[in-house]
Amino acid sequence: MGARNYTTTDVFFLLADDALTTLFGNPRTTGRKDPGATVDEERLSAVEKAQSARLMRVNHSGEVCAQALYRSQALTARSDTLKKRLIQAARQENDHLQWCEHRIKTLGGRKSLLNPIWYAGSFTFGTIAGLIGDRWSLGFLADTERQVEMHL
């Protein structure tokens with residue numbers, strides 16, 4: 001079976017589905033093992049659990065933003081190869097999204113109520129970068145990843 005070429009319409013509907021799934025559903029994962037699955041919760045005090053849940057909420061919101069960036073840049077990519085790679089990258093990032101959500105639930109926290117706003121803002125920034133061109137889009141993505149690494 002050959003590689004699928006996505007039309008703009010295909011990508012639009014894939015992105016709409018992925019946005020709704022990212023924000024309100026259960027995103028598809030690659031099946032990689034959750035690194036937090038073996039964490040011993042009993043060793044944390046109630047204060048530590050609450051603080052950890054708040055930090056994981058921030059991480060989860062960052063993953064929501066990453067989904068929006070990858071998807072908006074896939075929508076505006078001029079190269080079919082780049083479009084496919086961005087879609088694949090977003091799907092791989094679903095693992096991080098799920099891991100953060102699982103950790104938040106385990107800690108008794110909640111996801112940010114502002115995630116739809118973060119998603120929309122990130123989608124807008126990614127779209128603008130993508131419309132400027134693939135090189136700018138990739139540069140924007142690379143710099144965003146550098147900023148995230150510095151933050152973490």
# chains A, B, ... in the order shown; residues from 1 in each chain; ligands from 1
$ closest_atom_pairs --of "region 14-84 of chain A" --to "region 115-121 of chain A" --cutoff "9 Å" --atoms "only C-alpha atoms" --output "Markdown table"
| residue | atom | partner | partner_atom | distance |
| --- | --- | --- | --- | --- |
| A:Ala19 | CA | A:Tyr119 | CA | 8.0 |
| A:Leu23 | CA | A:Pro116 | CA | 6.6 |
| A:His60 | CA | A:Asn115 | CA | 8.9 |
| A:Ser61 | CA | A:Asn115 | CA | 6.1 |
| A:Gly62 | CA | A:Trp118 | CA | 8.4 |
| A:Val64 | CA | A:Tyr119 | CA | 6.1 |
| A:Cys65 | CA | A:Tyr119 | CA | 5.2 |
| A:Ala66 | CA | A:Tyr119 | CA | 8.4 |
| A:Gln67 | CA | A:Tyr119 | CA | 7.7 |
| A:Ala68 | CA | A:Tyr119 | CA | 5.5 |
| A:Leu69 | CA | A:Tyr119 | CA | 8.3 |
$ write_last_selection --atoms "N, CA and C atoms" --output "tab-separated table (two decimals), in the first residue's frame"
chain	number	residue	atom	x	y	z
A	19	ALA	N	-8.30	18.31	16.98
A	19	ALA	CA	-8.49	19.40	17.95
A	19	ALA	C	-9.54	19.01	18.99
A	23	LEU	N	-8.74	18.29	23.00
A	23	LEU	CA	-9.35	19.10	24.05
A	23	LEU	C	-10.37	18.33	24.90
A	60	HIS	N	0.61	19.80	30.75
A	60	HIS	CA	-0.47	19.34	29.89
A	60	HIS	C	-0.90	20.45	28.94
A	61	SER	N	-1.04	21.67	29.45
A	61	SER	CA	-1.40	22.79	28.58
A	61	SER	C	-0.35	23.03	27.51
A	62	GLY	N	0.92	22.82	27.87
A	62	GLY	CA	1.98	22.92	26.87
A	62	GLY	C	1.84	21.87	25.79
A	64	VAL	N	-1.02	20.54	24.86
A	64	VAL	CA	-2.17	20.98	24.07
A	64	VAL	C	-1.69	22.00	23.03
A	65	CYS	N	-0.85	22.93	23.45
A	65	CYS	CA	-0.31	23.94	22.53
A	65	CYS	C	0.54	23.29	21.44
A	66	ALA	N	1.33	22.29	21.81
A	66	ALA	CA	2.16	21.59	20.83
A	66	ALA	C	1.29	20.93	19.76
A	67	GLN	N	0.17	20.35	20.20
A	67	GLN	CA	-0.74	19.74	19.24
A	67	GLN	C	-1.23	20.78	18.23
A	68	ALA	N	-1.62	21.93	18.74
A	68	ALA	CA	-2.13	22.99	17.87
A	68	ALA	C	-1.06	23.49	16.91
A	69	LEU	N	0.15	23.65	17.40
A	69	LEU	CA	1.24	24.12	16.52
A	69	LEU	C	1.50	23.13	15.40
$ residues_around --residues "region 136-141 of chain A" --least-positions-apart "6" --cutoff "10 Å" --atoms "only C-alpha atoms" --output "PyMOL selection string"
chain A and resi 66+69-70+72-74+76-77+82+86+125-130+147
$ closest_residue --among "A:Glu63, A:Leu55, A:Arg32, A:Lys49" --to "Glu145 (chain A)" --atoms "only C-alpha atoms"
A:Glu63
$ residues_around --residues "Asp18 (chain A)" --least-positions-apart "2" --cutoff "12 Å" --atoms "only C-alpha atoms" --output "PyMOL selection string"
chain A and resi 11-16+20-29+64+67-68+70-72+87+90-91+93-94+119
$ write_last_selection --atoms "N, CA, C and O atoms" --output "short mmCIF file (atom, residue, chain, number, x, y, z; two decimals), in the first residue's frame"
data_model
loop_
_atom_site.label_atom_id
_atom_site.label_comp_id
_atom_site.auth_asym_id
_atom_site.auth_seq_id
_atom_site.Cartn_x
_atom_site.Cartn_y
_atom_site.Cartn_z
N VAL A 11 -6.77 17.26 5.35
CA VAL A 11 -6.03 17.79 6.49
C VAL A 11 -6.96 18.61 7.38
O VAL A 11 -6.91 18.50 8.60
N PHE A 12 -7.83 19.43 6.79
CA PHE A 12 -8.76 20.24 7.59
C PHE A 12 -9.61 19.35 8.49
O PHE A 12 -9.73 19.61 9.69
N PHE A 13 -10.20 18.28 7.94
CA PHE A 13 -11.06 17.43 8.75
C PHE A 13 -10.25 16.60 9.76
O PHE A 13 -10.71 16.37 10.89
N LEU A 14 -9.07 16.19 9.39
CA LEU A 14 -8.20 15.51 10.36
C LEU A 14 -7.86 16.45 11.51
O LEU A 14 -7.86 16.04 12.68
N LEU A 15 -7.58 17.70 11.18
CA LEU A 15 -7.23 18.68 12.21
C LEU A 15 -8.40 19.00 13.12
O LEU A 15 -8.23 19.14 14.33
N ALA A 16 -9.58 19.12 12.55
CA ALA A 16 -10.77 19.39 13.37
C ALA A 16 -11.02 18.23 14.33
O ALA A 16 -11.28 18.44 15.52
N LEU A 20 -10.66 18.50 18.54
CA LEU A 20 -11.72 18.10 19.47
C LEU A 20 -11.25 16.94 20.36
O LEU A 20 -11.54 16.93 21.56
N THR A 21 -10.52 16.02 19.78
CA THR A 21 -10.01 14.89 20.55
C THR A 21 -8.98 15.36 21.57
O THR A 21 -8.97 14.91 22.72
N THR A 22 -8.09 16.27 21.16
CA THR A 22 -7.07 16.81 22.07
C THR A 22 -7.72 17.50 23.26
O THR A 22 -7.31 17.30 24.40
N LEU A 23 -8.74 18.29 23.00
CA LEU A 23 -9.35 19.10 24.05
C LEU A 23 -10.37 18.33 24.90
O LEU A 23 -10.47 18.58 26.10
N PHE A 24 -11.11 17.42 24.28
CA PHE A 24 -12.24 16.83 25.00
C PHE A 24 -12.30 15.30 24.97
O PHE A 24 -13.18 14.71 25.57
N GLY A 25 -11.37 14.67 24.27
CA GLY A 25 -11.47 13.23 24.10
C GLY A 25 -10.26 12.48 24.60
O GLY A 25 -9.59 12.89 25.54
N ASN A 26 -10.00 11.38 23.94
CA ASN A 26 -8.92 10.48 24.30
C ASN A 26 -8.02 10.31 23.07
O ASN A 26 -8.27 9.45 22.24
N PRO A 27 -6.97 11.14 22.94
CA PRO A 27 -6.13 11.09 21.74
C PRO A 27 -5.48 9.72 21.52
O PRO A 27 -5.14 9.02 22.46
N ARG A 28 -5.36 9.37 20.24
CA ARG A 28 -4.69 8.12 19.87
C ARG A 28 -3.21 8.25 20.21
O ARG A 28 -2.60 9.27 19.99
N THR A 29 -2.65 7.18 20.75
CA THR A 29 -1.24 7.19 21.12
C THR A 29 -0.49 6.16 20.29
O THR A 29 -1.10 5.35 19.58
N VAL A 64 -1.02 20.54 24.86
CA VAL A 64 -2.17 20.98 24.07
C VAL A 64 -1.69 22.00 23.03
O VAL A 64 -2.07 21.93 21.85
N GLN A 67 0.17 20.35 20.20
CA GLN A 67 -0.74 19.74 19.24
C GLN A 67 -1.23 20.78 18.23
O GLN A 67 -1.26 20.54 17.03
N ALA A 68 -1.62 21.93 18.74
CA ALA A 68 -2.13 22.99 17.87
C ALA A 68 -1.06 23.49 16.91
O ALA A 68 -1.34 23.73 15.73
N TYR A 70 1.68 21.86 15.74
CA TYR A 70 1.95 20.87 14.70
C TYR A 70 0.81 20.80 13.68
O TYR A 70 1.05 20.72 12.48
N ARG A 71 -0.39 20.83 14.17
CA ARG A 71 -1.53 20.68 13.27
C ARG A 71 -1.73 21.90 12.38
O ARG A 71 -2.03 21.77 11.20
N SER A 72 -1.56 23.08 12.93
CA SER A 72 -1.73 24.28 12.11
C SER A 72 -0.62 24.38 11.07
O SER A 72 -0.85 24.78 9.93
N ILE A 87 2.07 15.88 10.81
CA ILE A 87 0.93 15.10 11.31
C ILE A 87 1.44 13.94 12.15
O ILE A 87 0.92 13.66 13.24
N ALA A 90 2.68 15.20 15.53
CA ALA A 90 1.56 15.48 16.43
C ALA A 90 1.03 14.19 17.04
O ALA A 90 0.73 14.14 18.24
N ARG A 91 0.93 13.15 16.24
CA ARG A 91 0.44 11.87 16.77
C ARG A 91 1.39 11.30 17.82
O ARG A 91 0.97 10.74 18.82
N GLU A 93 3.30 13.11 19.72
CA GLU A 93 3.17 13.97 20.89
C GLU A 93 1.91 13.64 21.70
O GLU A 93 1.80 14.03 22.86
N ASN A 94 0.97 12.93 21.10
CA ASN A 94 -0.22 12.50 21.85
C ASN A 94 0.17 11.66 23.06
O ASN A 94 -0.52 11.67 24.07
N TYR A 119 -5.13 26.39 22.86
CA TYR A 119 -5.12 25.68 21.58
C TYR A 119 -5.35 26.67 20.44
O TYR A 119 -4.61 26.67 19.45
#
$ residues_around --residues "Asp40 (chain A)" --least-positions-apart "6" --cutoff "12 Å" --atoms "only C-alpha atoms" --output "list of chain:residue names"
A:Lys49, A:Arg103, A:Thr106, A:Leu107
$ write_last_selection --atoms "C-alpha atoms" --output "PDB file, in the first residue's frame"
ATOM      1  CA  LYS A  49       0.557  15.990  45.326  1.00  0.00           C
ATOM      2  CA  ARG A 103      -0.607  11.971  35.905  1.00  0.00           C
ATOM      3  CA  THR A 106      -3.562  10.215  39.484  1.00  0.00           C
ATOM      4  CA  LEU A 107      -2.579  13.242  41.560  1.00  0.00           C
TER       5      LEU A 107
END
$ closest_atom_pairs --of "region 82-121 of chain A" --to "region 34-39 of chain A" --cutoff "9 Å" --atoms "only C-alpha atoms" --output "tab-separated table"
residue	atom	partner	partner_atom	distance
A:Asp95	CA	A:Asp34	CA	7.9
A:His96	CA	A:Asp34	CA	8.5
A:Gln98	CA	A:Asp34	CA	8.5
A:Trp99	CA	A:Asp34	CA	5.9
A:Cys100	CA	A:Gly36	CA	8.7
A:His102	CA	A:Gly36	CA	8.4
A:Arg103	CA	A:Gly36	CA	6.8
$ write_last_selection --atoms "N, CA, C and O atoms" --output "compact mmCIF listing (two decimals), in the first residue's frame"
# COMPACT_ATOMS: atom_id res chain seq x y z
N ASP A 95 1.28 10.92 22.94
CA ASP A 95 1.74 10.15 24.09
C ASP A 95 1.98 11.07 25.27
O ASP A 95 1.52 10.81 26.38
N HIS A 96 2.70 12.17 25.05
CA HIS A 96 2.99 13.13 26.13
C HIS A 96 1.70 13.71 26.69
O HIS A 96 1.56 13.87 27.90
N GLN A 98 -1.29 12.35 26.75
CA GLN A 98 -1.96 11.33 27.56
C GLN A 98 -1.23 11.09 28.88
O GLN A 98 -1.87 10.92 29.92
N TRP A 99 0.09 11.05 28.83
CA TRP A 99 0.85 10.83 30.06
C TRP A 99 0.59 11.94 31.06
O TRP A 99 0.40 11.69 32.25
N CYS A 100 0.58 13.19 30.58
CA CYS A 100 0.32 14.32 31.48
C CYS A 100 -1.09 14.24 32.05
O CYS A 100 -1.30 14.45 33.24
N HIS A 102 -2.97 11.58 32.45
CA HIS A 102 -3.03 10.46 33.40
C HIS A 102 -2.41 10.87 34.74
O HIS A 102 -2.95 10.58 35.81
N ARG A 103 -1.30 11.54 34.68
CA ARG A 103 -0.61 11.97 35.90
C ARG A 103 -1.47 12.96 36.69
O ARG A 103 -1.54 12.89 37.92
$ closest_residue --among "A:Val58, A:Ala53, A:Ile132, A:Leu97" --to "Arg78 (chain A)" --atoms "only C-alpha atoms"
A:Ile132
$ atom_distance --atom1 "CA of Glu41 (chain A)" --atom2 "CA of Gly109 (chain A)"
13.3 Å
